[in-house]
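Worksheet: the structure to be examined is printed underneath.
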Amino acid sequence: MGPRTADNASKNEKATTSSCVGPAKPRLRSSSDGNIYTRRAVGGHSSSSSLTLSSPKSVLKRPVSTEELITPGGPYIKKTFTIVGDAVGWGFVVRGQQPCYIQAVEPFGPAAAAGIKVRQFVVSVNGLNVLDLDYRTVRHLILTGPKTVVMEVMEEMDH
């Protein structure tokens, strides 16, 4: 997650690389409003490309309520992750309304390295309970907070 919006997409057109073991992989930028920029050939030339904005559908299999997440003995477990942002952002996209969830994770970004996964529900950000907040408010908390974000999430237990 980082400060990317359709308004400043032209500033963010260049994909960056992240440091990882092996060959460098391009990191496509995602916007904090839930949109993802993807590579697409321009003008019929396969060598030139630009980033195109797309808004994916929800990754959730079904709607989940806040009450379902916090019910003792329910099918969800709480995990805590510390994500250190880089020059591009934190590497994830938050979507949803009470509760918010992880819509996308950049494969080589800071969130993926920390262990964040798609379909996890955001419980708290830097110690503040966000279960009753929408994704815009959660995004604002992350963007205006410190470079290091401590997030508690709930994820469905494997059966």
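By order in the structure tokens, chains are A, B, ...; within a chain, residues start at 1; ligands start at 1, following the order shown.
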Quick one: residues within 10 Å of range 126-140 of chain A, only C-alpha atoms, excluding same-chain residues fewer than 3 positions away - as a PDB file with N, CA, C and O atoms, in the first residue's frame?
ATOM      1  N   MET A   1       0.853  -1.162   0.000  1.00  0.00           N
ATOM      2  CA  MET A   1       0.000   0.000   0.000  1.00  0.00           C
ATOM      3  C   MET A   1       0.896   1.220   0.000  1.00  0.00           C
ATOM      4  O   MET A   1       1.834   1.295   0.742  1.00  0.00           O
ATOM      5  N   GLY A   2       0.584   2.167  -0.847  1.00  0.00           N
ATOM      6  CA  GLY A   2       1.384   3.376  -0.904  1.00  0.00           C
ATOM      7  C   GLY A   2       0.552   4.500  -1.451  1.00  0.00           C
ATOM      8  O   GLY A   2      -0.569   4.295  -1.887  1.00  0.00           O
ATOM      9  N   PRO A   3       1.100   5.688  -1.509  1.00  0.00           N
ATOM     10  CA  PRO A   3       0.323   6.843  -1.946  1.00  0.00           C
ATOM     11  C   PRO A   3       0.187   6.887  -3.456  1.00  0.00           C
ATOM     12  O   PRO A   3       0.784   7.706  -4.110  1.00  0.00           O
ATOM     13  N   SER A  32      -3.463   2.702  -3.350  1.00  0.00           N
ATOM     14  CA  SER A  32      -4.032   2.497  -2.026  1.00  0.00           C
ATOM     15  C   SER A  32      -5.553   2.476  -2.042  1.00  0.00           C
ATOM     16  O   SER A  32      -6.166   2.144  -1.053  1.00  0.00           O
ATOM     17  N   ASP A  33      -6.176   2.803  -3.164  1.00  0.00           N
ATOM     18  CA  ASP A  33      -7.634   2.752  -3.200  1.00  0.00           C
ATOM     19  C   ASP A  33      -8.144   1.417  -3.726  1.00  0.00           C
ATOM     20  O   ASP A  33      -9.306   1.253  -4.016  1.00  0.00           O
ATOM     21  N   GLY A  34      -7.245   0.432  -3.827  1.00  0.00           N
ATOM     22  CA  GLY A  34      -7.670  -0.899  -4.224  1.00  0.00           C
ATOM     23  C   GLY A  34      -7.447  -1.215  -5.678  1.00  0.00           C
ATOM     24  O   GLY A  34      -7.753  -2.303  -6.133  1.00  0.00           O
ATOM     25  N   SER A  65     -18.657 -10.851   8.619  1.00  0.00           N
ATOM     26  CA  SER A  65     -18.982  -9.746   9.528  1.00  0.00           C
ATOM     27  C   SER A  65     -17.911  -9.622  10.607  1.00  0.00           C
ATOM     28  O   SER A  65     -17.177 -10.567  10.903  1.00  0.00           O
ATOM     29  N   THR A  66     -17.856  -8.444  11.213  1.00  0.00           N
ATOM     30  CA  THR A  66     -16.947  -8.214  12.330  1.00  0.00           C
ATOM     31  C   THR A  66     -17.262  -9.178  13.471  1.00  0.00           C
ATOM     32  O   THR A  66     -16.354  -9.737  14.086  1.00  0.00           O
ATOM     33  N   GLU A  67     -18.533  -9.405  13.733  1.00  0.00           N
ATOM     34  CA  GLU A  67     -18.943 -10.316  14.806  1.00  0.00           C
ATOM     35  C   GLU A  67     -18.413 -11.722  14.561  1.00  0.00           C
ATOM     36  O   GLU A  67     -17.973 -12.405  15.487  1.00  0.00           O
ATOM     37  N   LEU A  69     -15.716 -12.537  12.964  1.00  0.00           N
ATOM     38  CA  LEU A  69     -14.267 -12.539  13.185  1.00  0.00           C
ATOM     39  C   LEU A  69     -13.905 -12.628  14.659  1.00  0.00           C
ATOM     40  O   LEU A  69     -12.945 -13.293  15.027  1.00  0.00           O
ATOM     41  N   ILE A  70     -14.663 -11.933  15.509  1.00  0.00           N
ATOM     42  CA  ILE A  70     -14.281 -11.847  16.923  1.00  0.00           C
ATOM     43  C   ILE A  70     -14.961 -12.882  17.820  1.00  0.00           C
ATOM     44  O   ILE A  70     -14.709 -12.913  19.018  1.00  0.00           O
ATOM     45  N   THR A  82       4.843  -7.159  11.270  1.00  0.00           N
ATOM     46  CA  THR A  82       5.514  -5.861  11.205  1.00  0.00           C
ATOM     47  C   THR A  82       6.006  -5.676   9.780  1.00  0.00           C
ATOM     48  O   THR A  82       6.767  -6.497   9.266  1.00  0.00           O
ATOM     49  N   VAL A  93      -2.741  -4.012  -0.750  1.00  0.00           N
ATOM     50  CA  VAL A  93      -3.920  -3.204  -1.011  1.00  0.00           C
ATOM     51  C   VAL A  93      -5.008  -3.636  -0.033  1.00  0.00           C
ATOM     52  O   VAL A  93      -5.273  -4.820   0.137  1.00  0.00           O
ATOM     53  N   VAL A  94      -5.617  -2.655   0.632  1.00  0.00           N
ATOM     54  CA  VAL A  94      -6.713  -2.892   1.566  1.00  0.00           C
ATOM     55  C   VAL A  94      -8.012  -2.514   0.874  1.00  0.00           C
ATOM     56  O   VAL A  94      -8.088  -1.495   0.189  1.00  0.00           O
ATOM     57  N   ARG A  95      -9.057  -3.331   1.049  1.00  0.00           N
ATOM     58  CA  ARG A  95     -10.385  -3.037   0.525  1.00  0.00           C
ATOM     59  C   ARG A  95     -11.414  -3.352   1.591  1.00  0.00           C
ATOM     60  O   ARG A  95     -11.105  -3.973   2.595  1.00  0.00           O
ATOM     61  N   GLY A  96     -12.643  -3.013   1.350  1.00  0.00           N
ATOM     62  CA  GLY A  96     -13.739  -3.449   2.196  1.00  0.00           C
ATOM     63  C   GLY A  96     -14.255  -2.425   3.185  1.00  0.00           C
ATOM     64  O   GLY A  96     -13.648  -1.416   3.451  1.00  0.00           O
ATOM     65  N   GLN A  97     -15.411  -2.756   3.712  1.00  0.00           N
ATOM     66  CA  GLN A  97     -16.116  -1.921   4.683  1.00  0.00           C
ATOM     67  C   GLN A  97     -16.393  -2.764   5.921  1.00  0.00           C
ATOM     68  O   GLN A  97     -17.154  -3.697   5.855  1.00  0.00           O
ATOM     69  N   GLN A  98     -15.785  -2.489   6.987  1.00  0.00           N
ATOM     70  CA  GLN A  98     -16.088  -3.047   8.301  1.00  0.00           C
ATOM     71  C   GLN A  98     -16.392  -4.543   8.287  1.00  0.00           C
ATOM     72  O   GLN A  98     -17.555  -4.900   8.372  1.00  0.00           O
ATOM     73  N   PRO A  99     -15.496  -5.419   8.192  1.00  0.00           N
ATOM     74  CA  PRO A  99     -14.052  -5.248   8.315  1.00  0.00           C
ATOM     75  C   PRO A  99     -13.364  -5.097   6.957  1.00  0.00           C
ATOM     76  O   PRO A  99     -13.868  -5.545   5.937  1.00  0.00           O
ATOM     77  N   CYS A 100     -12.190  -4.473   6.992  1.00  0.00           N
ATOM     78  CA  CYS A 100     -11.342  -4.360   5.804  1.00  0.00           C
ATOM     79  C   CYS A 100     -10.561  -5.664   5.647  1.00  0.00           C
ATOM     80  O   CYS A 100     -10.356  -6.394   6.608  1.00  0.00           O
ATOM     81  N   TYR A 101     -10.121  -5.920   4.448  1.00  0.00           N
ATOM     82  CA  TYR A 101      -9.363  -7.128   4.179  1.00  0.00           C
ATOM     83  C   TYR A 101      -8.238  -6.829   3.194  1.00  0.00           C
ATOM     84  O   TYR A 101      -8.234  -5.776   2.545  1.00  0.00           O
ATOM     85  N   ILE A 102      -7.308  -7.745   3.080  1.00  0.00           N
ATOM     86  CA  ILE A 102      -6.194  -7.599   2.142  1.00  0.00           C
ATOM     87  C   ILE A 102      -6.666  -8.088   0.781  1.00  0.00           C
ATOM     88  O   ILE A 102      -6.992  -9.258   0.603  1.00  0.00           O
ATOM     89  N   PHE A 121      -8.115 -10.375   7.262  1.00  0.00           N
ATOM     90  CA  PHE A 121      -8.907  -9.227   7.696  1.00  0.00           C
ATOM     91  C   PHE A 121      -8.078  -8.377   8.644  1.00  0.00           C
ATOM     92  O   PHE A 121      -7.433  -8.892   9.549  1.00  0.00           O
ATOM     93  N   VAL A 122      -8.096  -7.058   8.445  1.00  0.00           N
ATOM     94  CA  VAL A 122      -7.290  -6.139   9.244  1.00  0.00           C
ATOM     95  C   VAL A 122      -8.015  -5.843  10.557  1.00  0.00           C
ATOM     96  O   VAL A 122      -9.132  -5.334  10.553  1.00  0.00           O
ATOM     97  N   VAL A 123      -7.368  -6.176  11.678  1.00  0.00           N
ATOM     98  CA  VAL A 123      -7.939  -5.970  13.000  1.00  0.00           C
ATOM     99  C   VAL A 123      -7.420  -4.674  13.613  1.00  0.00           C
ATOM    100  O   VAL A 123      -8.185  -3.875  14.144  1.00  0.00           O
ATOM    101  N   LEU A 143      -0.910   5.448   5.622  1.00  0.00           N
ATOM    102  CA  LEU A 143      -0.147   6.428   4.833  1.00  0.00           C
ATOM    103  C   LEU A 143       0.396   7.578   5.671  1.00  0.00           C
ATOM    104  O   LEU A 143       1.442   8.131   5.362  1.00  0.00           O
ATOM    105  N   THR A 144      -0.318   7.951   6.727  1.00  0.00           N
ATOM    106  CA  THR A 144       0.115   9.096   7.535  1.00  0.00           C
ATOM    107  C   THR A 144       0.896   8.677   8.774  1.00  0.00           C
ATOM    108  O   THR A 144       1.349   9.530   9.525  1.00  0.00           O
ATOM    109  N   GLY A 145       1.045   7.377   8.964  1.00  0.00           N
ATOM    110  CA  GLY A 145       1.767   6.879  10.131  1.00  0.00           C
ATOM    111  C   GLY A 145       3.239   6.668   9.837  1.00  0.00           C
ATOM    112  O   GLY A 145       3.765   7.116   8.812  1.00  0.00           O
ATOM    113  N   PRO A 146       3.918   5.966  10.733  1.00  0.00           N
ATOM    114  CA  PRO A 146       5.350   5.709  10.553  1.00  0.00           C
ATOM    115  C   PRO A 146       5.610   4.745   9.395  1.00  0.00           C
ATOM    116  O   PRO A 146       4.695   4.067   8.918  1.00  0.00           O
ATOM    117  N   THR A 148       7.196   2.046   9.511  1.00  0.00           N
ATOM    118  CA  THR A 148       6.995   0.680   9.993  1.00  0.00           C
ATOM    119  C   THR A 148       5.576   0.551  10.523  1.00  0.00           C
ATOM    120  O   THR A 148       5.159   1.310  11.388  1.00  0.00           O
ATOM    121  N   VAL A 149       4.825  -0.411   9.987  1.00  0.00           N
ATOM    122  CA  VAL A 149       3.434  -0.623  10.365  1.00  0.00           C
ATOM    123  C   VAL A 149       3.325  -1.975  11.067  1.00  0.00           C
ATOM    124  O   VAL A 149       3.794  -2.985  10.544  1.00  0.00           O
ATOM    125  N   VAL A 150       2.710  -1.966  12.242  1.00  0.00           N
ATOM    126  CA  VAL A 150       2.416  -3.212  12.942  1.00  0.00           C
ATOM    127  C   VAL A 150       0.928  -3.476  12.740  1.00  0.00           C
ATOM    128  O   VAL A 150       0.093  -2.662  13.137  1.00  0.00           O
ATOM    129  N   MET A 151       0.620  -4.598  12.087  1.00  0.00           N
ATOM    130  CA  MET A 151      -0.772  -4.928  11.777  1.00  0.00           C
ATOM    131  C   MET A 151      -1.161  -6.252  12.403  1.00  0.00           C
ATOM    132  O   MET A 151      -0.430  -7.226  12.288  1.00  0.00           O
ATOM    133  N   GLU A 152      -2.316  -6.252  13.042  1.00  0.00           N
ATOM    134  CA  GLU A 152      -2.925  -7.492  13.478  1.00  0.00           C
ATOM    135  C   GLU A 152      -3.986  -7.849  12.451  1.00  0.00           C
ATOM    136  O   GLU A 152      -4.759  -6.980  12.027  1.00  0.00           O
ATOM    137  N   VAL A 153      -3.995  -9.107  12.040  1.00  0.00           N
ATOM    138  CA  VAL A 153      -4.963  -9.572  11.061  1.00  0.00           C
ATOM    139  C   VAL A 153      -5.607 -10.854  11.573  1.00  0.00           C
ATOM    140  O   VAL A 153      -5.079 -11.524  12.455  1.00  0.00           O
TER     141      VAL A 153
END
Exercise. May I ask which of the residues A:Val88, A:Lys61, A:Ile83, A:Ile142 is the closest one to Ile116 in chain A, counting only C-alpha atoms?
Key: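 Using only C-alpha atoms, the shortest distance to Ile116 in chain A belongs to A:Ile83.
Minimum atom-to-atom distances from A:Gly109, A:Ala114, A:Phe92, A:Arg119 to Arg62 in chain A were compared using only C-alpha atoms, and the lowest value belongs to A:Arg119.
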